[in-house]
file structure_39.txt (compact mmCIF, C-alpha atoms (C1' of nucleotides))
# COMPACT_ATOMS: atom_id res chain seq x y z
CA MET A 111 66.28 44.77 189.12
CA HIS A 112 62.86 45.11 190.74
CA GLU A 113 62.55 43.31 194.07
CA LYS A 114 59.14 42.09 195.07
CA ASP A 115 58.88 44.52 197.94
CA PRO A 116 55.56 44.89 199.77
CA ARG A 117 56.63 48.43 200.58
CA MET A 118 55.92 49.28 196.99
CA LEU A 119 52.26 48.43 197.57
CA PHE A 120 52.42 50.55 200.68
CA GLU A 121 53.44 53.51 198.54
CA VAL A 122 50.70 52.79 196.04
CA PHE A 123 48.07 52.78 198.78
CA LYS A 124 49.45 55.99 200.22
CA GLU A 125 49.15 57.79 196.89
CA ILE A 126 45.71 56.32 196.33
CA GLY A 127 44.60 57.54 199.75
CA ILE A 128 45.69 61.09 198.97
CA ILE A 129 44.14 61.10 195.51
CA GLU A 130 40.88 59.78 196.94
CA GLN A 131 40.81 62.62 199.44
CA LEU A 132 41.54 65.27 196.83
CA SER A 133 39.03 63.97 194.30
CA ARG A 134 36.37 63.72 196.99
CA ALA A 135 37.02 67.33 197.95
CA GLN A 136 36.57 68.40 194.32
CA LEU A 137 33.29 66.53 194.10
CA GLU A 138 31.87 67.76 197.40
CA ALA A 139 32.74 71.35 196.58
CA ARG A 140 30.23 71.06 193.74
CA LEU A 141 27.39 69.41 195.68
CA PRO A 142 24.58 71.49 197.19
CA ASP A 143 23.08 71.64 200.66
CA GLY A 144 24.33 69.00 203.02
CA LEU A 145 25.13 66.46 200.33
CA ILE A 146 28.47 64.68 200.36
CA ALA A 147 30.22 62.08 198.26
CA PRO A 148 28.20 59.02 199.38
CA HIS A 149 24.98 60.80 198.40
CA PHE A 150 26.31 61.41 194.93
CA ALA A 151 27.58 57.85 194.68
CA VAL A 152 24.05 56.61 195.32
CA LEU A 153 22.54 58.85 192.63
CA ASN A 154 25.20 57.67 190.22
CA HIS A 155 24.62 54.04 191.12
CA LEU A 156 20.89 54.36 190.46
CA ILE A 157 21.60 55.80 187.03
CA ASN A 158 24.16 53.16 186.13
CA ARG A 159 22.39 50.10 187.51
CA GLY A 160 18.84 51.30 187.06
CA ASP A 161 16.08 52.50 189.31
CA GLY A 162 14.34 50.43 191.93
CA ALA A 163 17.38 49.06 193.73
CA VAL A 164 17.04 47.49 197.17
CA PRO A 165 18.95 49.26 199.99
CA ILE A 166 20.71 46.14 201.23
CA ASP A 167 22.08 45.49 197.75
CA MET A 168 23.39 49.02 197.56
CA ALA A 169 25.03 48.65 200.96
CA ARG A 170 26.80 45.56 199.67
CA ALA A 171 27.77 47.25 196.41
CA PHE A 172 29.41 50.10 198.32
CA GLN A 173 30.64 47.78 201.04
CA VAL A 174 29.24 49.88 203.85
CA PRO A 175 27.11 48.69 206.80
CA LYS A 176 23.41 48.71 206.14
CA THR A 177 22.93 51.31 208.86
CA SER A 178 25.13 53.71 206.92
CA MET A 179 23.08 53.13 203.78
CA THR A 180 19.87 53.75 205.71
CA HIS A 181 21.28 57.06 206.87
CA THR A 182 22.50 58.13 203.42
CA LEU A 183 19.17 57.25 201.78
CA LYS A 184 17.22 59.03 204.50
CA GLY A 185 19.19 62.18 203.75
CA LEU A 186 18.57 61.91 200.01
CA ALA A 187 14.88 61.21 200.49
CA ALA A 188 14.43 64.09 202.94
CA LYS A 189 15.79 66.48 200.32
CA GLY A 190 13.71 64.96 197.55
CA TYR A 191 16.46 63.40 195.44
CA VAL A 192 15.11 59.85 195.78
CA ALA A 193 11.81 58.28 196.79
CA PHE A 194 10.94 54.91 198.30
CA ARG A 195 8.39 52.37 197.16
CA ASP A 196 7.44 48.99 198.55
CA ASN A 197 9.30 45.96 197.28
CA PRO A 198 6.59 43.73 195.79
CA LYS A 199 8.90 40.75 196.04
CA ASP A 200 9.85 41.14 199.72
CA GLY A 201 7.76 42.78 202.41
CA ARG A 202 10.80 43.45 204.57
CA SER A 203 12.49 45.78 202.14
CA LYS A 204 11.98 48.89 200.02
CA THR A 205 13.03 49.94 196.57
CA VAL A 206 14.77 53.24 195.84
CA TRP A 207 13.83 55.46 192.92
CA LEU A 208 15.38 58.62 191.54
CA THR A 209 13.23 61.72 191.33
CA GLN A 210 13.65 64.20 188.51
CA LYS A 211 15.44 66.43 191.01
CA GLY A 212 17.85 63.60 191.68
CA ARG A 213 18.55 63.01 188.01
CA ASP A 214 19.06 66.73 187.45
CA LEU A 215 21.51 67.00 190.31
CA ARG A 216 23.56 64.08 189.08
CA GLU A 217 23.77 65.49 185.57
CA ARG A 218 24.56 69.00 186.69
CA THR A 219 27.31 67.79 189.03
CA ILE A 220 28.97 65.81 186.27
CA ARG A 221 28.74 68.83 184.00
CA ASP A 222 30.33 71.00 186.70
CA LEU A 223 33.15 68.51 187.14
CA ALA A 224 33.92 68.18 183.44
CA PRO A 225 36.10 71.31 183.15
CA VAL A 226 38.06 70.37 186.27
CA PHE A 227 38.70 66.93 184.88
CA GLY A 228 39.56 68.43 181.54
CA ASP A 229 42.21 70.63 183.11
CA LEU A 230 43.70 67.64 184.92
CA MET A 231 43.79 65.61 181.73
CA GLY A 232 45.67 68.44 180.10
CA GLU A 233 48.50 68.18 182.57
CA ILE A 234 48.95 64.44 182.61
CA ASP A 235 50.25 62.16 179.92
CA HIS A 236 47.14 60.68 178.42
CA GLU A 237 48.57 57.31 177.53
CA ALA A 238 49.91 56.90 181.07
CA LEU A 239 46.46 57.60 182.49
CA ILE A 240 44.89 55.06 180.20
CA GLY A 241 47.60 52.64 181.16
CA ILE A 242 46.91 52.61 184.88
CA LEU A 243 43.20 51.85 184.65
CA PRO A 244 43.46 48.11 183.93
CA THR A 245 45.93 47.64 186.78
CA LEU A 246 43.68 49.57 189.16
CA VAL A 247 40.75 47.41 188.12
CA ARG A 248 42.81 44.29 188.61
CA LEU A 249 44.00 45.46 192.03
CA ARG A 250 40.45 46.27 193.06
CA GLU A 251 39.21 42.87 191.92
CA VAL A 252 41.94 40.98 193.75
CA MET A 253 41.40 42.93 196.95
CA ASP A 254 37.66 42.54 196.64
CA ALA A 255 37.99 38.80 196.30
CA ALA A 256 40.45 38.65 199.19
CA ARG A 257 38.17 40.25 201.78
CA ASP A 258 37.08 36.89 203.09
CA MET B 198 42.31 55.87 168.85
CA HIS B 199 41.95 57.11 172.42
CA GLU B 200 39.69 60.12 172.82
CA LYS B 201 40.50 62.56 175.59
CA ASP B 202 37.40 61.71 177.56
CA PRO B 203 37.02 63.08 181.09
CA ARG B 204 34.89 60.03 181.83
CA MET B 205 38.08 58.02 181.84
CA LEU B 206 39.26 60.05 184.82
CA PHE B 207 35.88 59.44 186.39
CA GLU B 208 36.51 55.71 186.14
CA VAL B 209 40.00 56.09 187.57
CA PHE B 210 38.65 57.97 190.58
CA LYS B 211 35.94 55.38 191.09
CA GLU B 212 38.45 52.54 191.22
CA ILE B 213 40.73 54.56 193.47
CA GLY B 214 37.85 55.22 195.83
CA ILE B 215 37.08 51.53 196.15
CA ILE B 216 40.72 50.54 196.59
CA GLU B 217 41.14 53.19 199.25
CA GLN B 218 38.19 51.78 201.15
CA LEU B 219 39.42 48.20 200.92
CA SER B 220 42.99 49.01 201.90
CA ARG B 221 41.78 51.10 204.83
CA ALA B 222 39.65 48.18 206.01
CA GLN B 223 42.68 45.88 205.88
CA LEU B 224 44.71 48.34 207.91
CA GLU B 225 42.06 49.05 210.50
CA ALA B 226 41.39 45.36 211.03
CA ARG B 227 44.96 45.13 212.36
CA LEU B 228 44.87 48.16 214.64
CA PRO B 229 44.06 47.79 218.36
CA ASP B 230 41.58 49.52 220.62
CA GLY B 231 39.80 52.44 219.07
CA LEU B 232 42.57 53.30 216.64
CA ILE B 233 41.71 53.93 213.00
CA ALA B 234 43.60 54.79 209.85
CA PRO B 235 44.31 58.46 210.65
CA HIS B 236 45.95 57.43 213.93
CA PHE B 237 48.25 55.07 212.08
CA ALA B 238 48.98 57.71 209.46
CA VAL B 239 50.20 60.02 212.20
CA LEU B 240 52.50 57.38 213.71
CA ASN B 241 53.86 56.67 210.27
CA HIS B 242 54.37 60.33 209.53
CA LEU B 243 56.35 60.82 212.73
CA ILE B 244 58.64 57.95 211.80
CA ASN B 245 59.14 59.15 208.23
CA ARG B 246 59.55 62.85 208.88
CA GLY B 247 61.01 62.63 212.34
CA ASP B 248 59.82 63.28 215.85
CA GLY B 249 58.83 66.66 217.22
CA ALA B 250 56.46 67.75 214.49
CA VAL B 251 54.06 70.64 215.07
CA PRO B 252 50.33 69.75 214.87
CA ILE B 253 49.46 72.48 212.40
CA ASP B 254 52.12 71.21 210.00
CA MET B 255 50.73 67.71 210.25
CA ALA B 256 47.23 69.00 209.58
CA ARG B 257 48.53 70.65 206.42
CA ALA B 258 50.47 67.55 205.40
CA PHE B 259 47.33 65.43 205.65
CA GLN B 260 45.13 68.21 204.34
CA VAL B 261 42.66 67.97 207.18
CA PRO B 262 41.31 70.82 209.32
CA LYS B 263 43.36 71.53 212.39
CA THR B 264 40.42 70.58 214.60
CA SER B 265 40.53 67.08 213.14
CA MET B 266 44.24 66.82 213.86
CA THR B 267 43.67 67.99 217.45
CA HIS B 268 41.14 65.21 217.86
CA THR B 269 43.33 62.52 216.33
CA LEU B 270 46.35 63.52 218.42
CA LYS B 271 44.25 63.66 221.58
CA GLY B 272 43.21 60.06 220.97
CA LEU B 273 46.79 58.91 220.39
CA ALA B 274 48.05 60.76 223.44
CA ALA B 275 45.27 59.42 225.69
CA LYS B 276 46.30 55.88 224.78
CA GLY B 277 50.00 56.61 225.25
CA TYR B 278 51.18 56.32 221.65
CA VAL B 279 52.44 59.89 221.45
CA ALA B 280 53.34 62.60 223.95
CA PHE B 281 53.36 66.38 223.71
CA ARG B 282 56.11 68.82 224.60
CA ASP B 283 56.25 72.57 224.43
CA ASN B 284 57.51 74.16 221.25
CA PRO B 285 60.52 76.22 222.35
CA LYS B 286 60.26 78.29 219.19
CA ASP B 287 56.58 79.19 219.51
CA GLY B 288 54.60 79.46 222.72
CA ARG B 289 51.30 78.94 220.90
CA SER B 290 52.07 75.46 219.71
CA LYS B 291 53.22 72.03 220.83
CA THR B 292 55.48 69.39 219.42
CA VAL B 293 54.46 65.75 219.04
CA TRP B 294 56.74 62.85 220.01
CA LEU B 295 56.39 59.12 219.57
CA THR B 296 56.53 56.96 222.68
CA GLN B 297 58.10 53.52 222.58
CA LYS B 298 54.56 52.13 222.60
CA GLY B 299 53.83 54.20 219.51
CA ARG B 300 56.93 52.97 217.69
CA ASP B 301 56.13 49.39 218.61
CA LEU B 302 52.57 49.65 217.34
CA ARG B 303 53.66 51.11 214.03
CA GLU B 304 56.24 48.37 213.51
CA ARG B 305 53.94 45.57 214.56
CA THR B 306 51.17 46.82 212.29
CA ILE B 307 53.47 46.93 209.29
CA ARG B 308 54.67 43.44 210.14
CA ASP B 309 51.06 42.24 210.34
CA LEU B 310 50.27 43.78 206.98
CA ALA B 311 53.28 42.33 205.20
CA PRO B 312 51.78 38.87 204.51
CA VAL B 313 48.55 40.41 203.25
CA PHE B 314 50.48 42.64 200.91
CA GLY B 315 52.64 39.73 199.90
CA ASP B 316 49.59 37.72 198.91
CA LEU B 317 48.27 40.62 196.86
CA MET B 318 51.60 41.04 195.09
CA GLY B 319 51.46 37.39 194.18
CA GLU B 320 48.25 37.84 192.26
CA ILE B 321 49.11 40.97 190.34
CA ASP B 322 51.58 41.46 187.57
CA HIS B 323 54.55 43.02 189.26
CA GLU B 324 55.70 45.17 186.39
CA ALA B 325 52.21 46.61 186.00
CA LEU B 326 52.12 47.53 189.66
CA ILE B 327 55.47 49.25 189.40
CA GLY B 328 54.26 50.99 186.29
CA ILE B 329 51.29 52.74 187.86
CA LEU B 330 53.19 54.34 190.73
CA PRO B 331 54.77 57.22 188.76
CA THR B 332 51.43 58.09 187.18
CA LEU B 333 49.70 58.04 190.56
CA VAL B 334 52.39 60.31 191.96
CA ARG B 335 52.02 62.64 189.00
CA LEU B 336 48.24 62.69 189.35
CA ARG B 337 48.52 63.42 193.05
CA GLU B 338 50.98 66.24 192.43
CA VAL B 339 48.84 67.86 189.74
CA MET B 340 45.70 67.65 191.89
CA ASP B 341 47.58 68.92 194.90
CA ALA B 342 48.81 71.93 192.98
CA ALA B 343 45.33 72.55 191.55
CA ARG B 344 43.53 72.87 194.87
CA ASP B 345 43.82 76.67 194.79
C1' DC C 213 1.08 24.07 209.00
C1' DT C 214 4.30 25.15 212.75
C1' DT C 215 8.44 26.61 214.39
C1' DG C 216 13.23 28.22 214.47
C1' DA C 217 16.71 30.48 211.85
C1' DA C 218 17.96 34.01 208.61
C1' DT C 219 17.37 38.50 206.53
C1' DG C 220 16.01 43.69 205.63
C1' DG C 221 15.49 47.77 207.97
C1' DT C 222 15.88 51.12 211.74
C1' DG C 223 16.65 53.32 216.54
C1' DC C 224 20.32 54.33 219.52
C1' DG C 225 24.81 55.47 221.22
C1' DA C 226 29.91 56.05 220.61
C1' DT C 227 33.36 57.97 217.75
C1' DT C 228 34.94 60.79 213.80
C1' DT C 229 35.02 64.85 210.88
C1' DC C 230 34.85 69.53 210.47
C1' DG C 231 32.94 74.48 210.62
C1' DT C 232 32.49 78.32 213.92
C1' DA C 233 33.98 80.84 217.61
C1' DC C 234 37.16 81.79 221.11
C1' DT C 235 41.79 82.27 223.78
C1' DA C 236 46.71 82.83 223.92
C1' DT C 237 50.77 83.97 221.62
C1' DA C 238 53.47 85.96 217.88
C1' DT C 239 54.37 89.30 214.27
C1' DA C 240 54.07 93.72 211.87
C1' DA C 241 53.07 98.55 211.73
C1' DA C 242 52.92 103.00 213.62
C1' DT D 218 56.61 100.68 222.85
C1' DT D 219 51.93 100.26 221.49
C1' DT D 220 48.52 98.39 218.72
C1' DA D 221 46.29 95.65 215.28
C1' DT D 222 46.67 91.61 212.62
C1' DA D 223 47.74 86.85 212.01
C1' DT D 224 48.38 82.30 213.75
C1' DA D 225 48.24 77.71 216.88
C1' DG D 226 45.24 75.32 219.48
C1' DT D 227 40.83 73.93 221.48
C1' DA D 228 35.79 73.82 223.00
C1' DC D 229 31.50 73.08 221.04
C1' DG D 230 27.90 71.57 218.04
C1' DA D 231 26.13 69.38 213.68
C1' DA D 232 26.46 65.70 210.61
C1' DA D 233 28.44 61.12 209.29
C1' DT D 234 29.98 56.25 210.15
C1' DC D 235 29.06 52.11 212.19
C1' DG D 236 28.36 48.40 215.87
C1' DC D 237 24.60 46.55 218.67
C1' DA D 238 20.02 45.48 219.57
C1' DC D 239 15.54 45.09 218.10
C1' DC D 240 11.27 44.29 215.07
C1' DA D 241 8.96 42.53 210.95
C1' DT D 242 9.09 39.41 207.36
C1' DT D 243 10.81 35.46 204.88
C1' DC D 244 12.72 30.93 204.41
C1' DA D 245 13.67 26.22 205.79
C1' DA D 246 13.03 22.00 208.58
C1' DG D 247 10.07 19.04 210.41
call {"tool": "encode", "arguments": {"input": "structure_39.txt", "output": "structure tokens"}}
result
Amino acid sequence: MHEKDPRMLFEVFKEIGIIEQLSRAQLEARLPDGLIAPHFAVLNHLINRGDGAVPIDMARAFQVPKTSMTHTLKGLAAKGYVAFRDNPKDGRSKTVWLTQKGRDLRERTIRDLAPVFGDLMGEIDHEALIGILPTLVRLREVMDAARD
Amino acid sequence: MHEKDPRMLFEVFKEIGIIEQLSRAQLEARLPDGLIAPHFAVLNHLINRGDGAVPIDMARAFQVPKTSMTHTLKGLAAKGYVAFRDNPKDGRSKTVWLTQKGRDLRERTIRDLAPVFGDLMGEIDHEALIGILPTLVRLREVMDAARD
DNA sequence: CTTGAATGGTGCGATTTCGTACTATATAAA
DNA sequence: TTTATATAGTACGAAATCGCACCATTCAAG
């Protein structure tokens, strides 16, 4: 009935690529100044994982080169959304801390996105949406483990 | 049982973002020279939809600005993967044609990806993978229609 | 303790993305 | 036909991504 055809995965990745692009556009349309998706991802990460993260760890978490993380953090710091402090445990590195402005922006952006997400949820079968999440997580985990 | 929580969509988009990044990395690791994912997407598009496409239509298909498409096509043409011809129906535009080199690269890349995809398929429940595709397509369609 | 290797961070340059402005051509209106 | 409006494409510049090279600090071997 269902062949094990790698082309199926190809289709899945194609759809995922398009959805990523569209969701990123929705997010960035609601960000101020010159902020883009990676900036928001950093703010969100600092909320979820807690303040005081080390840049190199964040680069690894997002799987981007450390130079990219340096650049993203520099942008956030220049606009006052995060601040740096020394890392008492390692003189080579810094720690990154959210400012109140950073927290406010993250909350406001999520609030602005809520109605958009609500509309989407209204047009898609809810059970189906719930159903895909575990498979996406599984796929992400397998791919993550496979990247040598 | 299951609340209609927009945060669930948030999670879905987060996983999709990571998977997109990982799958793009796998693809780009198998592309030559200075070619990246958008270049391959163009080659693929020309195979799927047929030769002789007009750049502005491709920009719309990929939902990128036309300046980005100009740049991508210029790169492909400079390396001999595509060639331009006049558009007999409109003197303002061109048509884009695959060269044999372009066809070969697209085929070889897919062949190189097949084992990677095969390995992934081996570690994920096949029925689950098949199950998410319709929902992803639906989500993409709804978001596509919603972008004003 | 001394020394060599490893690690965190950044400057720099190449490429990509994309908004703005411009040219050439096509289309619609008068 | 003439004119103005719209459209396809590109040049240009700003910002982003990322590899390479470099410095400062840490860690490990002796």
call {"tool": "interface_residues", "arguments": {"input": "structure_39.txt", "of": "chain A", "to": "chain D", "cutoff": "9 Å", "atoms": "all atoms listed in the file", "output": "VMD selection string"}}
result
chain A and resid 144 174 to 178 181 to 182 200 to 203
call {"tool": "calpha_fit_and_write", "arguments": {"input": "structure_39.txt", "fixed": "chain A", "moving": "chain B", "output": "mmCIF file with C-alpha atoms, in the frame of the given file"}}
result
data_model
loop_
_atom_site.group_PDB
_atom_site.id
_atom_site.type_symbol
_atom_site.label_atom_id
_atom_site.label_comp_id
_atom_site.auth_asym_id
_atom_site.auth_seq_id
_atom_site.Cartn_x
_atom_site.Cartn_y
_atom_site.Cartn_z
ATOM 1 C CA MET B 198 66.189 44.647 188.949
ATOM 2 C CA HIS B 199 62.871 45.144 190.725
ATOM 3 C CA GLU B 200 62.580 43.351 194.047
ATOM 4 C CA LYS B 201 59.154 42.146 195.090
ATOM 5 C CA ASP B 202 58.916 44.580 197.959
ATOM 6 C CA PRO B 203 55.605 44.953 199.796
ATOM 7 C CA ARG B 204 56.670 48.508 200.582
ATOM 8 C CA MET B 205 55.950 49.337 196.975
ATOM 9 C CA LEU B 206 52.307 48.466 197.582
ATOM 10 C CA PHE B 207 52.463 50.608 200.688
ATOM 11 C CA GLU B 208 53.478 53.553 198.527
ATOM 12 C CA VAL B 209 50.727 52.810 196.027
ATOM 13 C CA PHE B 210 48.114 52.807 198.782
ATOM 14 C CA LYS B 211 49.483 56.036 200.202
ATOM 15 C CA GLU B 212 49.163 57.827 196.875
ATOM 16 C CA ILE B 213 45.720 56.349 196.326
ATOM 17 C CA GLY B 214 44.629 57.574 199.734
ATOM 18 C CA ILE B 215 45.697 61.120 198.959
ATOM 19 C CA ILE B 216 44.134 61.113 195.498
ATOM 20 C CA GLU B 217 40.901 59.792 196.938
ATOM 21 C CA GLN B 218 40.822 62.639 199.426
ATOM 22 C CA LEU B 219 41.537 65.290 196.810
ATOM 23 C CA SER B 220 39.025 63.968 194.299
ATOM 24 C CA ARG B 221 36.366 63.710 196.998
ATOM 25 C CA ALA B 222 37.012 67.333 197.955
ATOM 26 C CA GLN B 223 36.559 68.401 194.329
ATOM 27 C CA LEU B 224 33.283 66.524 194.123
ATOM 28 C CA GLU B 225 31.886 67.734 197.412
ATOM 29 C CA ALA B 226 32.731 71.337 196.606
ATOM 30 C CA ARG B 227 30.206 71.059 193.757
ATOM 31 C CA LEU B 228 27.401 69.399 195.698
ATOM 32 C CA PRO B 229 24.585 71.480 197.238
ATOM 33 C CA ASP B 230 23.121 71.623 200.715
ATOM 34 C CA GLY B 231 24.364 68.969 203.063
ATOM 35 C CA LEU B 232 25.132 66.432 200.363
ATOM 36 C CA ILE B 233 28.473 64.638 200.404
ATOM 37 C CA ALA B 234 30.222 62.057 198.279
ATOM 38 C CA PRO B 235 28.207 59.007 199.395
ATOM 39 C CA HIS B 236 24.980 60.775 198.413
ATOM 40 C CA PHE B 237 26.336 61.398 194.941
ATOM 41 C CA ALA B 238 27.586 57.827 194.704
ATOM 42 C CA VAL B 239 24.058 56.604 195.328
ATOM 43 C CA LEU B 240 22.563 58.850 192.633
ATOM 44 C CA ASN B 241 25.218 57.661 190.241
ATOM 45 C CA HIS B 242 24.629 54.043 191.118
ATOM 46 C CA LEU B 243 20.908 54.366 190.449
ATOM 47 C CA ILE B 244 21.609 55.811 187.018
ATOM 48 C CA ASN B 245 24.185 53.162 186.132
ATOM 49 C CA ARG B 246 22.413 50.109 187.482
ATOM 50 C CA GLY B 247 18.873 51.303 187.040
ATOM 51 C CA ASP B 248 16.105 52.524 189.278
ATOM 52 C CA GLY B 249 14.356 50.446 191.906
ATOM 53 C CA ALA B 250 17.379 49.060 193.694
ATOM 54 C CA VAL B 251 17.022 47.486 197.135
ATOM 55 C CA PRO B 252 18.940 49.244 199.959
ATOM 56 C CA ILE B 253 20.674 46.116 201.192
ATOM 57 C CA ASP B 254 22.059 45.466 197.712
ATOM 58 C CA MET B 255 23.383 48.996 197.537
ATOM 59 C CA ALA B 256 25.006 48.608 200.940
ATOM 60 C CA ARG B 257 26.777 45.509 199.652
ATOM 61 C CA ALA B 258 27.761 47.216 196.408
ATOM 62 C CA PHE B 259 29.397 50.054 198.328
ATOM 63 C CA GLN B 260 30.638 47.741 201.047
ATOM 64 C CA VAL B 261 29.218 49.824 203.852
ATOM 65 C CA PRO B 262 27.091 48.624 206.777
ATOM 66 C CA LYS B 263 23.393 48.683 206.104
ATOM 67 C CA THR B 264 22.910 51.256 208.856
ATOM 68 C CA SER B 265 25.124 53.654 206.921
ATOM 69 C CA MET B 266 23.084 53.111 203.776
ATOM 70 C CA THR B 267 19.852 53.737 205.712
ATOM 71 C CA HIS B 268 21.290 57.037 206.870
ATOM 72 C CA THR B 269 22.504 58.108 203.442
ATOM 73 C CA LEU B 270 19.191 57.235 201.784
ATOM 74 C CA LYS B 271 17.237 59.015 204.509
ATOM 75 C CA GLY B 272 19.198 62.178 203.760
ATOM 76 C CA LEU B 273 18.593 61.908 200.013
ATOM 77 C CA ALA B 274 14.909 61.199 200.494
ATOM 78 C CA ALA B 275 14.437 64.080 202.956
ATOM 79 C CA LYS B 276 15.814 66.474 200.350
ATOM 80 C CA GLY B 277 13.717 64.975 197.558
ATOM 81 C CA TYR B 278 16.465 63.408 195.454
ATOM 82 C CA VAL B 279 15.131 59.875 195.784
ATOM 83 C CA ALA B 280 11.828 58.299 196.789
ATOM 84 C CA PHE B 281 10.966 54.923 198.275
ATOM 85 C CA ARG B 282 8.402 52.389 197.130
ATOM 86 C CA ASP B 283 7.439 49.033 198.518
ATOM 87 C CA ASN B 284 9.260 45.989 197.235
ATOM 88 C CA PRO B 285 6.516 43.795 195.763
ATOM 89 C CA LYS B 286 8.794 40.780 196.007
ATOM 90 C CA ASP B 287 9.735 41.188 199.668
ATOM 91 C CA GLY B 288 7.653 42.841 202.356
ATOM 92 C CA ARG B 289 10.708 43.490 204.529
ATOM 93 C CA SER B 290 12.416 45.792 202.099
ATOM 94 C CA LYS B 291 11.944 48.890 199.974
ATOM 95 C CA THR B 292 13.011 49.948 196.538
ATOM 96 C CA VAL B 293 14.775 53.234 195.815
ATOM 97 C CA TRP B 294 13.832 55.488 192.886
ATOM 98 C CA LEU B 295 15.405 58.636 191.527
ATOM 99 C CA THR B 296 13.245 61.743 191.337
ATOM 100 C CA GLN B 297 13.671 64.229 188.518
ATOM 101 C CA LYS B 298 15.462 66.455 191.027
ATOM 102 C CA GLY B 299 17.867 63.603 191.699
ATOM 103 C CA ARG B 300 18.559 63.031 188.008
ATOM 104 C CA ASP B 301 19.084 66.737 187.464
ATOM 105 C CA LEU B 302 21.544 67.011 190.332
ATOM 106 C CA ARG B 303 23.583 64.075 189.109
ATOM 107 C CA GLU B 304 23.774 65.492 185.589
ATOM 108 C CA ARG B 305 24.567 69.006 186.709
ATOM 109 C CA THR B 306 27.305 67.786 189.035
ATOM 110 C CA ILE B 307 28.969 65.799 186.281
ATOM 111 C CA ARG B 308 28.729 68.824 184.016
ATOM 112 C CA ASP B 309 30.338 70.980 186.713
ATOM 113 C CA LEU B 310 33.151 68.493 187.146
ATOM 114 C CA ALA B 311 33.906 68.154 183.452
ATOM 115 C CA PRO B 312 36.082 71.295 183.139
ATOM 116 C CA VAL B 313 38.041 70.371 186.254
ATOM 117 C CA PHE B 314 38.681 66.926 184.877
ATOM 118 C CA GLY B 315 39.515 68.410 181.522
ATOM 119 C CA ASP B 316 42.166 70.617 183.079
ATOM 120 C CA LEU B 317 43.666 67.644 184.886
ATOM 121 C CA MET B 318 43.758 65.598 181.691
ATOM 122 C CA GLY B 319 45.634 68.423 180.058
ATOM 123 C CA GLU B 320 48.468 68.165 182.527
ATOM 124 C CA ILE B 321 48.917 64.421 182.566
ATOM 125 C CA ASP B 322 50.206 62.150 179.883
ATOM 126 C CA HIS B 323 47.104 60.643 178.395
ATOM 127 C CA GLU B 324 48.541 57.273 177.522
ATOM 128 C CA ALA B 325 49.874 56.868 181.053
ATOM 129 C CA LEU B 326 46.459 57.601 182.486
ATOM 130 C CA ILE B 327 44.860 55.045 180.214
ATOM 131 C CA GLY B 328 47.568 52.608 181.162
ATOM 132 C CA ILE B 329 46.895 52.591 184.890
ATOM 133 C CA LEU B 330 43.182 51.841 184.663
ATOM 134 C CA PRO B 331 43.457 48.086 183.958
ATOM 135 C CA THR B 332 45.927 47.641 186.806
ATOM 136 C CA LEU B 333 43.687 49.570 189.189
ATOM 137 C CA VAL B 334 40.750 47.409 188.161
ATOM 138 C CA ARG B 335 42.824 44.282 188.663
ATOM 139 C CA LEU B 336 44.018 45.467 192.066
ATOM 140 C CA ARG B 337 40.474 46.275 193.109
ATOM 141 C CA GLU B 338 39.236 42.875 191.972
ATOM 142 C CA VAL B 339 41.983 40.981 193.791
ATOM 143 C CA MET B 340 41.425 42.947 197.008
ATOM 144 C CA ASP B 341 37.690 42.545 196.699
ATOM 145 C CA ALA B 342 38.025 38.799 196.366
ATOM 146 C CA ALA B 343 40.491 38.673 199.272
ATOM 147 C CA ARG B 344 38.227 40.276 201.854
ATOM 148 C CA ASP B 345 37.111 36.871 203.156
#
call {"tool": "closest_residue", "arguments": {"input": "structure_39.txt", "among": "A:Leu239, A:Leu208, A:Ala163, A:Ala255", "to": "chain B", "atoms": "only C-alpha atoms"}}
result
A:Leu239
call {"tool": "closest_atom_pairs", "arguments": {"input": "structure_39.txt", "of": "chain C", "to": "chain B", "cutoff": "7 Å", "atoms": "only C-alpha atoms (C1' of nucleotides)", "output": "Markdown table"}}
result
| residue | atom | partner | partner_atom | distance |
| --- | --- | --- | --- | --- |
| C:DT229 | C1' | B:Ser265 | CA | 6.4 |
| C:DC230 | C1' | B:Pro262 | CA | 6.7 |
| C:DA236 | C1' | B:Arg289 | CA | 6.7 |
| C:DT237 | C1' | B:Arg289 | CA | 5.1 |
call {"tool": "residues_near_point", "arguments": {"input": "structure_39.txt", "point": "(17.9, 50.0, 192.5)", "cutoff": "12 Å", "atoms": "only C-alpha atoms (C1' of nucleotides)", "output": "PyMOL selection string"}}
result
chain A and resi 152-169+171+183+192-195+197+203-208
call {"tool": "atom_distance", "arguments": {"input": "structure_39.txt", "atom1": "CA of Thr306 in chain B", "atom2": "C1' of DA226 in chain C"}}
result
24.6 Å
call {"tool": "atom_distance", "arguments": {"input": "structure_39.txt", "atom1": "CA of Leu228 in chain B", "atom2": "CA of Lys298 in chain B"}}
result
13.2 Å
call {"tool": "atom_distance", "arguments": {"input": "structure_39.txt", "atom1": "CA of Glu217 in chain A", "atom2": "CA of Ala187 in chain A"}}
result
17.9 Å
call {"tool": "axis_aligned_box", "arguments": {"input": "structure_39.txt", "around": "range 248-266 of chain B", "padding_each_side": "4 Å", "output": "lines of an AutoDock Vina configuration file"}}
result
center_x = 50.1
center_y = 67.9
center_z = 210.8
size_x = 27.4
size_y = 17.2
size_z = 20.9
